[in-house]
Amino acid sequence: MPPSSSDGRDEQERSPQEQENFELLDRFQQAIDAGDEQACRRLLADHTHHNAALQCLLRLGRLERLSAPVLPDVDSPTRTYDTQTTLSPSALRLTDGPLPFGKYRLLEQVGRGGMGAVFRAEQPDLQREVAVKIILGGGMATEDQVRRFHQEAQAAACLRHPNVVAIHDVGFAAGMHYIAMEYMPGGSLAQRLKCDGRIREDAAQIALEVARAVDHLHQRGVIHRDLKPSNIMFDDADRPCLTDFGLAKLFEADSGCTRTGDVLGTASYMSPEQASGMIRVVSPLSDVYSVGAILYEMLVGRPPFVGENFVETILRVLEGEPVPPRRLRRDVDPELQQICMRCLEKRPEDRYASAAELAGDLERFVRGEPIETRMDGLSQSLRRNVRRRPALLAHGAILLAVALVVATRNLTGAGNTNFVVIEALLGVWFLIAFALQWAQQQEDRKNAALTAWVVLDALFITTLICLSEPPRETLLAAYPALIAASGLWVRERLVAAAACACLAGYAALLWLSPELAQPLHHAIIFAALLVVTALVVGFQVRRLRVLNQFL
């Protein structure tokens, strides 16, 4: 039963750079656990840019070995020692056979995250197989980690439902906190999605059982807040069960573990109110959103929002609109798509009123009966399209405004001799923006489409200024505006491309219209302004991307 990773994200959600960092830290931790000083020195020499983090791990490892006694080597397949002994996380290696741990024997590790690990274990006195979840920090676990760990047990202990993993025991053994729970031999939904890509045939039934379990949570005053495929396990009857209540929140209690501004959960599956950090407004409808996100992934093979990094994913959750499943997979049933999209509404009041209402529609769908949720109205469809294509609609609005201004001036007799050419240019500009918006939806073409978009925008701005009649100086503001807008995609290279295109366009403009270079120091100051704008925007984007590694 694999736990959530320490950063709240599954492996498939991390960028290649993040995954490489995680693998490096894991290799270094293994070298520390094995006492291989030579391997530690080699990794430090080969990865100097990560020296601070690696040195911190090394010091923690040395401190841990000082505080934990060395276990005796035993030839017996089951190691024996005083169970009151404090173990270090490095001792939880099962290469030498089963490991006694309190009243349990740990048989194999089935999941591991930055904070905890889950082991398949046996309980000899009751002759049953269980899963034991342990905080790996041992005595060095922070107060917040321990509080969350016990909060998970508290949240799950009050639940009795066939689709919720049962908690058997909570305790402290060998210097570490643990939770013993029902063992799930069927693996997780995340593992099935990774193998099969999607689960179209059983998606509605799985979502129905999950929705029923979520409704049970809500009736007992618990909000899960971290529903995702890796937290849905399958028992020996292939029944989906909810687990991992580490971020669960009790309606009537404030645990003190969170505060406004904390972003808790897994980015691709969290609701917009969670993504905004407004913890106080998180409600049972946040879990309804997460069930919809899981259903979406089962239908199309990916979550509704996936960015190159955590920050970009959060921005998409807050501002974007998911692509309807049938646009990605034509075999998705229209009614199931409607259920899914209703769950994924940005405003909680637009979603199903409760998990029970969602379960009712899913049950009707499974039975082949008409669902109760209705198709989107005109205003709802318009709102979805605005969120789905914000850049295109912003372009369209600006170009339409410019076209109307030019047309109005022409009708009042103050028109431009290039009126027809300018209007045609604006039309071509919008058509190209529309084509690039379509290309941007293809993941393999997205970066190229965005770069082409900013470069062509700079070209069209330059052409428009050339065709305009004096005074044209105010139109130059379009260049820094374009550079600033390029930062909204949180890509340093895109900001650099926009800056280079704007500088090249401005240089061409001065060559074609020399009067704009008079006086010369004005032109130099404006070029410097473009460079400074690019540096400031690029710096902010870089800060966001660096901070993303620690979120």
# chains A, B, ... in the order shown; residues from 1 in each chain; ligands from 1

call {"tool": "residues_around", "arguments": {"residues": "segment 500-508 of chain A", "least_positions_apart": "5", "cutoff": "10 Å", "atoms": "only C-alpha atoms", "output": "PyMOL selection string"}}
result
chain A and resi 451+454-463+465-466+476+478-480+482-483+494-495+513-514+516-517+523+526-528+530-531+534

call {"tool": "closest_atom_pairs", "arguments": {"of": "segment 129-205 of chain A", "to": "segment 353-366 of chain A", "cutoff": "12 Å", "atoms": "only C-alpha atoms", "output": "CSV"}}
result
residue,atom,partner,partner_atom,distance
A:Glu201,CA,A:Val366,CA,10.7
A:Asp202,CA,A:Val366,CA,9.7
A:Ala203,CA,A:Val366,CA,10.0
A:Ala204,CA,A:Leu362,CA,6.4
A:Gln205,CA,A:Val366,CA,6.8

call {"tool": "write_last_selection", "arguments": {"atoms": "C-alpha atoms", "output": "JSON list (two decimals), in the first residue's frame"}}
result
[["chain", "number", "residue", "atom", "x", "y", "z"],
["A", 201, "GLU", "CA", -14.88, -0.08, -18.86],
["A", 202, "ASP", "CA", -14.87, -0.04, -15.04],
["A", 203, "ALA", "CA", -14.45, 3.71, -14.58],
["A", 204, "ALA", "CA", -18.07, 4.43, -13.65],
["A", 205, "GLN", "CA", -18.28, 1.50, -11.19]]

call {"tool": "closest_residue", "arguments": {"among": "A:Asn410, A:Asn231, A:Thr48, A:Gln437", "to": "Gly396 of chain A", "atoms": "only C-alpha atoms"}}
result
A:Gln437

call {"tool": "residues_around", "arguments": {"residues": "Tyr289 of chain A", "least_positions_apart": "6", "cutoff": "6 Å", "atoms": "only C-alpha atoms", "output": "mmCIF file with N, CA and C atoms, in the first residue's frame"}}
result
data_model
loop_
_atom_site.group_PDB
_atom_site.id
_atom_site.type_symbol
_atom_site.label_atom_id
_atom_site.label_comp_id
_atom_site.auth_asym_id
_atom_site.auth_seq_id
_atom_site.Cartn_x
_atom_site.Cartn_y
_atom_site.Cartn_z
ATOM 1 N N SER A 271 -8.853 20.578 -5.646
ATOM 2 C CA SER A 271 -9.844 21.550 -6.102
ATOM 3 C C SER A 271 -9.217 22.940 -6.167
ATOM 4 N N CYS A 343 -18.467 17.597 -11.825
ATOM 5 C CA CYS A 343 -17.606 17.520 -10.635
ATOM 6 C C CYS A 343 -16.469 18.537 -10.699
ATOM 7 N N LEU A 344 -15.999 18.837 -11.903
ATOM 8 C CA LEU A 344 -14.803 19.660 -12.076
ATOM 9 C C LEU A 344 -15.104 21.148 -12.226
#

call {"tool": "closest_residue", "arguments": {"among": "A:Glu129, A:Val420, A:Phe119, A:Leu520", "to": "Tyr178 of chain A", "atoms": "only C-alpha atoms"}}
result
A:Phe119

call {"tool": "closest_residue", "arguments": {"among": "A:Tyr352, A:Pro272, A:Arg389, A:Leu336", "to": "Glu369 of chain A", "atoms": "only C-alpha atoms"}}
result
A:Leu336

call {"tool": "residues_around", "arguments": {"residues": "Val132 of chain A", "least_positions_apart": "5", "cutoff": "10 Å", "atoms": "only C-alpha atoms", "output": "NGL selection string"}}
result
:A and (1 or 101 or 104-106 or 109-110 or 117-122 or 167-170 or 178-183)

call {"tool": "closest_residue", "arguments": {"among": "A:Lys228, A:Lys446, A:Arg148, A:Arg329", "to": "Leu193 of chain A", "atoms": "only C-alpha atoms"}}
result
A:Lys228

call {"tool": "select_by_dssp", "arguments": {"residues": "segment 445-487 of chain A", "states": "alpha helix (DSSP H)", "output": "NGL selection string"}}
result
:A and (446-467 or 478-486)

call {"tool": "residues_around", "arguments": {"residues": "segment 540-544 of chain A", "least_positions_apart": "4", "cutoff": "9 Å", "atoms": "only C-alpha atoms", "output": "compact mmCIF listing (two decimals) with N, CA and C atoms, in the first residue's frame"}}
result
# COMPACT_ATOMS: atom_id res chain seq x y z
N VAL A 311 4.07 24.38 -9.87
CA VAL A 311 3.50 25.73 -9.98
C VAL A 311 2.61 25.85 -11.20
N GLY A 487 5.48 35.96 -19.57
CA GLY A 487 5.81 35.36 -18.28
C GLY A 487 4.68 34.58 -17.66
N LEU A 488 3.44 34.75 -18.17
CA LEU A 488 2.30 34.05 -17.60
C LEU A 488 2.40 32.54 -17.77
N TRP A 489 3.23 32.07 -18.72
CA TRP A 489 3.37 30.62 -18.94
C TRP A 489 4.49 30.03 -18.09
N VAL A 490 5.16 30.85 -17.28
CA VAL A 490 6.21 30.41 -16.35
C VAL A 490 7.29 29.61 -17.06
N ARG A 491 7.76 30.17 -18.18
CA ARG A 491 8.84 29.54 -18.95
C ARG A 491 9.90 30.59 -19.26
N GLU A 492 11.11 30.38 -18.76
CA GLU A 492 12.17 31.36 -18.98
C GLU A 492 12.51 31.51 -20.45
N VAL A 495 10.08 33.77 -22.25
CA VAL A 495 10.34 35.19 -21.97
C VAL A 495 11.54 35.67 -22.79
N LEU A 535 14.41 41.11 -18.13
CA LEU A 535 15.19 40.61 -17.00
C LEU A 535 14.32 40.45 -15.75
N VAL A 536 13.46 41.43 -15.49
CA VAL A 536 12.59 41.38 -14.31
C VAL A 536 11.60 40.22 -14.43
N ASN A 548 9.38 26.05 -6.90
CA ASN A 548 8.60 24.87 -7.23
C ASN A 548 9.28 23.59 -6.76

call {"tool": "atom_distance", "arguments": {"atom1": "atom CA of Phe539 of chain A", "atom2": "atom CA of Leu315 of chain A"}}
result
18.2 Å

call {"tool": "residues_around", "arguments": {"residues": "Ala207 of chain A", "least_positions_apart": "5", "cutoff": "8 Å", "atoms": "only C-alpha atoms", "output": "ChimeraX atom specification"}}
result
/A:291,294-295,362

call {"tool": "write_last_selection", "arguments": {"atoms": "N, CA and C atoms", "output": "PDB file, in the first residue's frame"}}
result
ATOM      1  N   VAL A 291     -12.907  13.434  -6.852  1.00  0.00           N
ATOM      2  CA  VAL A 291     -13.487  12.220  -7.452  1.00  0.00           C
ATOM      3  C   VAL A 291     -13.652  12.435  -8.956  1.00  0.00           C
ATOM      4  N   ILE A 294     -10.303  12.054 -10.655  1.00  0.00           N
ATOM      5  CA  ILE A 294      -9.924  10.641 -10.771  1.00  0.00           C
ATOM      6  C   ILE A 294     -10.714   9.981 -11.900  1.00  0.00           C
ATOM      7  N   LEU A 295     -12.011  10.257 -11.975  1.00  0.00           N
ATOM      8  CA  LEU A 295     -12.842   9.714 -13.054  1.00  0.00           C
ATOM      9  C   LEU A 295     -12.315  10.178 -14.408  1.00  0.00           C
ATOM     10  N   LEU A 362     -24.069   8.471 -10.725  1.00  0.00           N
ATOM     11  CA  LEU A 362     -23.222   7.375 -11.219  1.00  0.00           C
ATOM     12  C   LEU A 362     -23.967   6.046 -11.179  1.00  0.00           C
TER      13      LEU A 362
END

call {"tool": "closest_residue", "arguments": {"among": "A:Leu450, A:Asn21, A:Ser286, A:Gly292", "to": "Ala498 of chain A", "atoms": "only C-alpha atoms"}}
result
A:Leu450

call {"tool": "atom_distance", "arguments": {"atom1": "atom CA of Glu209 of chain A", "atom2": "atom CA of Gly116 of chain A"}}
result
27.4 Å

call {"tool": "atom_distance", "arguments": {"atom1": "atom CA of Asp287 of chain A", "atom2": "atom CA of Val214 of chain A"}}
result
7.4 Å

call {"tool": "residues_around", "arguments": {"residues": "Pro325 of chain A", "least_positions_apart": "3", "cutoff": "9 Å", "atoms": "only C-alpha atoms", "output": "NGL selection string"}}
result
:A and (296 or 299-300 or 304 or 322 or 328-330 or 332 or 334 or 337 or 340-341)

call {"tool": "write_last_selection", "arguments": {"atoms": "N, CA and C atoms", "output": "PDB file, in the first residue's frame"}}
result
ATOM      1  N   TYR A 296     -11.922  11.440 -14.502  1.00  0.00           N
ATOM      2  CA  TYR A 296     -11.375  11.998 -15.744  1.00  0.00           C
ATOM      3  C   TYR A 296     -10.150  11.192 -16.186  1.00  0.00           C
ATOM      4  N   LEU A 299     -10.949   7.856 -17.609  1.00  0.00           N
ATOM      5  CA  LEU A 299     -11.582   7.921 -18.931  1.00  0.00           C
ATOM      6  C   LEU A 299     -10.588   8.224 -20.042  1.00  0.00           C
ATOM      7  N   VAL A 300      -9.615   9.113 -19.786  1.00  0.00           N
ATOM      8  CA  VAL A 300      -8.732   9.558 -20.875  1.00  0.00           C
ATOM      9  C   VAL A 300      -7.267   9.191 -20.680  1.00  0.00           C
ATOM     10  N   PRO A 304      -7.012  15.912 -15.331  1.00  0.00           N
ATOM     11  CA  PRO A 304      -7.529  17.057 -16.085  1.00  0.00           C
ATOM     12  C   PRO A 304      -6.513  18.175 -16.259  1.00  0.00           C
ATOM     13  N   PRO A 322     -10.705  22.118 -17.987  1.00  0.00           N
ATOM     14  CA  PRO A 322     -10.297  20.829 -18.569  1.00  0.00           C
ATOM     15  C   PRO A 322     -10.887  20.606 -19.952  1.00  0.00           C
ATOM     16  N   LEU A 328     -10.763  14.062 -26.338  1.00  0.00           N
ATOM     17  CA  LEU A 328      -9.534  13.279 -26.288  1.00  0.00           C
ATOM     18  C   LEU A 328      -9.790  11.814 -26.621  1.00  0.00           C
ATOM     19  N   ARG A 329     -10.960  11.310 -26.233  1.00  0.00           N
ATOM     20  CA  ARG A 329     -11.333   9.910 -26.488  1.00  0.00           C
ATOM     21  C   ARG A 329     -12.788   9.876 -26.946  1.00  0.00           C
ATOM     22  N   ARG A 330     -13.003   9.596 -28.202  1.00  0.00           N
ATOM     23  CA  ARG A 330     -14.359   9.639 -28.759  1.00  0.00           C
ATOM     24  C   ARG A 330     -15.258   8.543 -28.211  1.00  0.00           C
ATOM     25  N   VAL A 332     -15.752   7.817 -25.100  1.00  0.00           N
ATOM     26  CA  VAL A 332     -16.288   8.159 -23.776  1.00  0.00           C
ATOM     27  C   VAL A 332     -17.773   8.475 -23.909  1.00  0.00           C
ATOM     28  N   PRO A 334     -21.219  10.250 -23.523  1.00  0.00           N
ATOM     29  CA  PRO A 334     -21.544  11.662 -23.280  1.00  0.00           C
ATOM     30  C   PRO A 334     -22.087  11.926 -21.874  1.00  0.00           C
ATOM     31  N   GLN A 337     -19.275  11.817 -19.402  1.00  0.00           N
ATOM     32  CA  GLN A 337     -18.521  13.063 -19.532  1.00  0.00           C
ATOM     33  C   GLN A 337     -19.226  14.194 -18.783  1.00  0.00           C
ATOM     34  N   CYS A 340     -18.617  13.865 -15.103  1.00  0.00           N
ATOM     35  CA  CYS A 340     -17.234  14.220 -14.810  1.00  0.00           C
ATOM     36  C   CYS A 340     -17.046  15.740 -14.809  1.00  0.00           C
ATOM     37  N   MET A 341     -17.554  16.414 -15.855  1.00  0.00           N
ATOM     38  CA  MET A 341     -17.369  17.862 -15.968  1.00  0.00           C
ATOM     39  C   MET A 341     -18.140  18.616 -14.888  1.00  0.00           C
TER      40      MET A 341
END
